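What follows is run-v6.cif (mmCIF, C-alpha atoms).
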data_coords
#
loop_
_atom_site.label_atom_id
_atom_site.label_comp_id
_atom_site.auth_asym_id
_atom_site.auth_seq_id
_atom_site.Cartn_x
_atom_site.Cartn_y
_atom_site.Cartn_z
CA MET A 1 -52.38 -41.69 55.27
CA VAL A 2 -55.24 -43.96 54.24
CA ARG A 3 -54.45 -47.66 53.96
CA LYS A 4 -56.08 -49.43 51.08
CA ILE A 5 -57.60 -52.89 51.31
CA GLY A 6 -54.72 -54.29 49.33
CA ASP A 7 -52.30 -53.10 52.03
CA LYS A 8 -53.66 -55.61 54.58
CA PRO A 9 -51.37 -58.49 55.44
CA GLY A 10 -52.50 -61.81 54.02
CA ALA A 11 -53.82 -64.73 56.03
CA ALA A 12 -51.36 -67.34 57.16
CA GLY A 13 -51.54 -70.43 54.98
CA THR A 14 -53.10 -73.67 56.13
CA SER A 15 -51.07 -76.78 56.56
CA SER A 16 -53.88 -79.35 56.37
CA ILE A 17 -57.66 -79.70 56.37
CA GLN A 18 -59.46 -82.25 58.49
CA SER A 19 -62.71 -83.79 57.30
CA THR A 20 -65.85 -83.45 59.37
CA ARG A 21 -66.65 -86.10 61.94
CA SER A 22 -69.38 -86.85 64.41
CA ILE A 23 -68.91 -85.21 67.79
CA GLU A 24 -71.55 -87.10 69.72
CA SER A 25 -74.16 -89.63 68.81
CA THR A 26 -77.54 -89.52 70.48
CA LYS A 27 -79.66 -92.62 70.78
CA ILE A 28 -83.38 -92.27 71.34
CA GLY A 29 -85.11 -95.18 72.96
CA GLU A 30 -88.49 -96.54 71.98
CA VAL A 31 -91.48 -94.36 72.91
CA GLU A 32 -93.74 -96.20 75.30
CA GLN A 33 -96.33 -93.60 76.21
CA VAL A 34 -97.31 -90.05 75.33
CA LYS A 35 -98.78 -87.91 78.09
CA ALA A 36 -101.23 -85.06 77.65
CA ALA A 37 -99.82 -81.57 77.94
CA ASP A 38 -100.28 -79.71 81.20
CA SER A 39 -103.06 -77.18 81.12
CA ARG A 40 -102.26 -73.57 81.90
CA SER A 41 -104.92 -71.04 82.75
CA GLY A 42 -105.11 -67.99 80.54
CA VAL A 43 -103.15 -69.50 77.65
CA GLY A 44 -104.95 -69.15 74.37
CA ALA A 45 -107.92 -67.46 75.98
CA VAL A 46 -109.21 -64.98 73.43
CA ARG A 47 -112.26 -62.93 74.21
CA ARG A 48 -114.81 -63.09 71.45
CA SER A 49 -117.78 -60.84 71.01
CA THR A 50 -120.86 -62.04 72.82
CA ARG A 51 -123.10 -61.94 69.76
CA GLN A 52 -123.05 -61.36 66.04
CA LEU A 53 -123.73 -57.80 64.88
CA THR A 54 -126.56 -57.26 62.45
CA PRO A 55 -125.72 -55.46 59.19
CA GLU A 56 -127.44 -52.33 60.53
CA GLN A 57 -125.32 -52.44 63.69
CA GLN A 58 -122.19 -52.95 61.61
CA GLN A 59 -123.00 -49.87 59.53
CA GLU A 60 -123.69 -47.88 62.69
CA LEU A 61 -120.34 -48.97 64.15
CA LEU A 62 -118.47 -47.99 60.99
CA ALA A 63 -120.25 -44.61 60.96
CA MET A 64 -119.17 -44.09 64.58
CA ILE A 65 -115.57 -44.65 63.49
CA ASN A 66 -115.85 -41.72 61.08
CA GLU A 67 -117.45 -39.50 63.73
CA GLU A 68 -114.80 -40.31 66.33
CA ALA A 69 -112.00 -39.76 63.84
CA ASP A 70 -113.42 -36.32 63.04
CA ARG A 71 -113.52 -35.50 66.76
CA MET A 72 -110.06 -36.86 67.51
CA PHE A 73 -108.33 -35.27 64.56
CA ASP A 74 -109.65 -31.73 64.30
CA GLU A 75 -108.83 -29.71 61.23
CA GLY A 76 -105.13 -28.92 61.08
CA THR A 77 -103.95 -31.51 63.62
CA LEU A 78 -103.43 -34.23 61.04
CA PRO A 79 -103.32 -34.05 57.24
CA ARG A 80 -106.44 -35.40 55.57
CA SER A 81 -104.54 -38.19 53.82
CA LYS A 82 -103.17 -39.50 57.13
CA LYS A 83 -106.58 -39.15 58.76
CA ASP A 84 -108.11 -41.23 55.97
CA THR A 85 -105.33 -43.81 56.38
CA VAL A 86 -106.04 -44.15 60.12
CA LYS A 87 -109.79 -44.42 59.55
CA GLY A 88 -109.24 -47.02 56.85
CA ALA A 89 -106.95 -49.09 59.06
CA VAL A 90 -109.45 -49.10 61.93
CA ARG A 91 -112.27 -50.03 59.57
CA MET A 92 -110.23 -52.87 58.06
CA ALA A 93 -109.35 -54.24 61.50
CA ILE A 94 -112.98 -54.25 62.58
CA GLU A 95 -114.23 -55.71 59.31
CA ALA A 96 -111.55 -58.42 59.43
CA SER A 97 -112.62 -59.43 62.92
CA MET A 98 -116.23 -59.61 61.75
CA VAL A 99 -115.29 -61.86 58.81
CA GLU A 100 -113.09 -64.03 61.03
CA GLU A 101 -115.92 -64.45 63.52
CA GLU A 102 -118.34 -65.42 60.76
CA GLU A 103 -115.89 -68.02 59.42
CA THR A 104 -115.35 -69.60 62.83
CA LYS A 105 -119.12 -69.86 63.35
CA LYS A 106 -119.50 -71.58 59.97
CA LYS A 107 -116.88 -74.20 60.98
CA LYS A 108 -118.79 -75.13 64.13
#

Can you give me the file's structure in the form of structure tokens?
Amino acid sequence: MVRKIGDKPGAAGTSSIQSTRSIESTKIGEVEQVKAADSRSGVGAVRRSTRQLTPEQQQELLAMINEEADRMFDEGTLPRSKKDTVKGAVRMAIEASMVEEEETKKKK
């Protein structure tokens, strides 16, 4: 037999409710000095390209993406729509890194 939600016994009633109170108070003393953070090797080290690509080199790189995608995904191994999605994602990632690099050079 299936018990319905209404068949559950009720919760026992409460006799009283206590208000909230502080458990522990923490006192922070006056700050006298701030030290520099320890340096760690390899943290935040991001390899950047060694030089900016010319527009011709960028076009050549993007053309190579199409060629490699055609080689990797022969006819019948991947539907054309998915192949185009993969190529588009790779192109966007590369183009985004190019734009990001240009922006960081402008800030310097």

Which of A:Gln58, A:Ile65, A:Asp70, A:Ser25 sits closest to Gly88 of chain A [using only C-alpha atoms]: A:Ile65

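Residues with any atom within 12 Å of the point (-110.2, -39.2, 65.1), counting all atoms listed in the file, are A:Met64, A:Ile65, A:Asn66, A:Glu67, A:Glu68, A:Ala69, A:Asp70, A:Arg71, A:Met72, A:Phe73, A:Asp74, A:Glu75, A:Thr77, A:Leu78, A:Pro79, A:Arg80, A:Lys82, A:Lys83, A:Asp84, A:Thr85, A:Val86, A:Lys87, A:Gly88, A:Val90.
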
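The space between atom CA of Ser81 of chain A and atom CA of Glu60 of chain A spans 23.2 Å.
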
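The coordinates place atom CA of Ala96 of chain A at 15.4 Å from atom CA of Thr54 of chain A.
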
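Atom to atom, atom CA of Arg91 of chain A and atom CA of Leu61 of chain A stand 9.3 Å apart.
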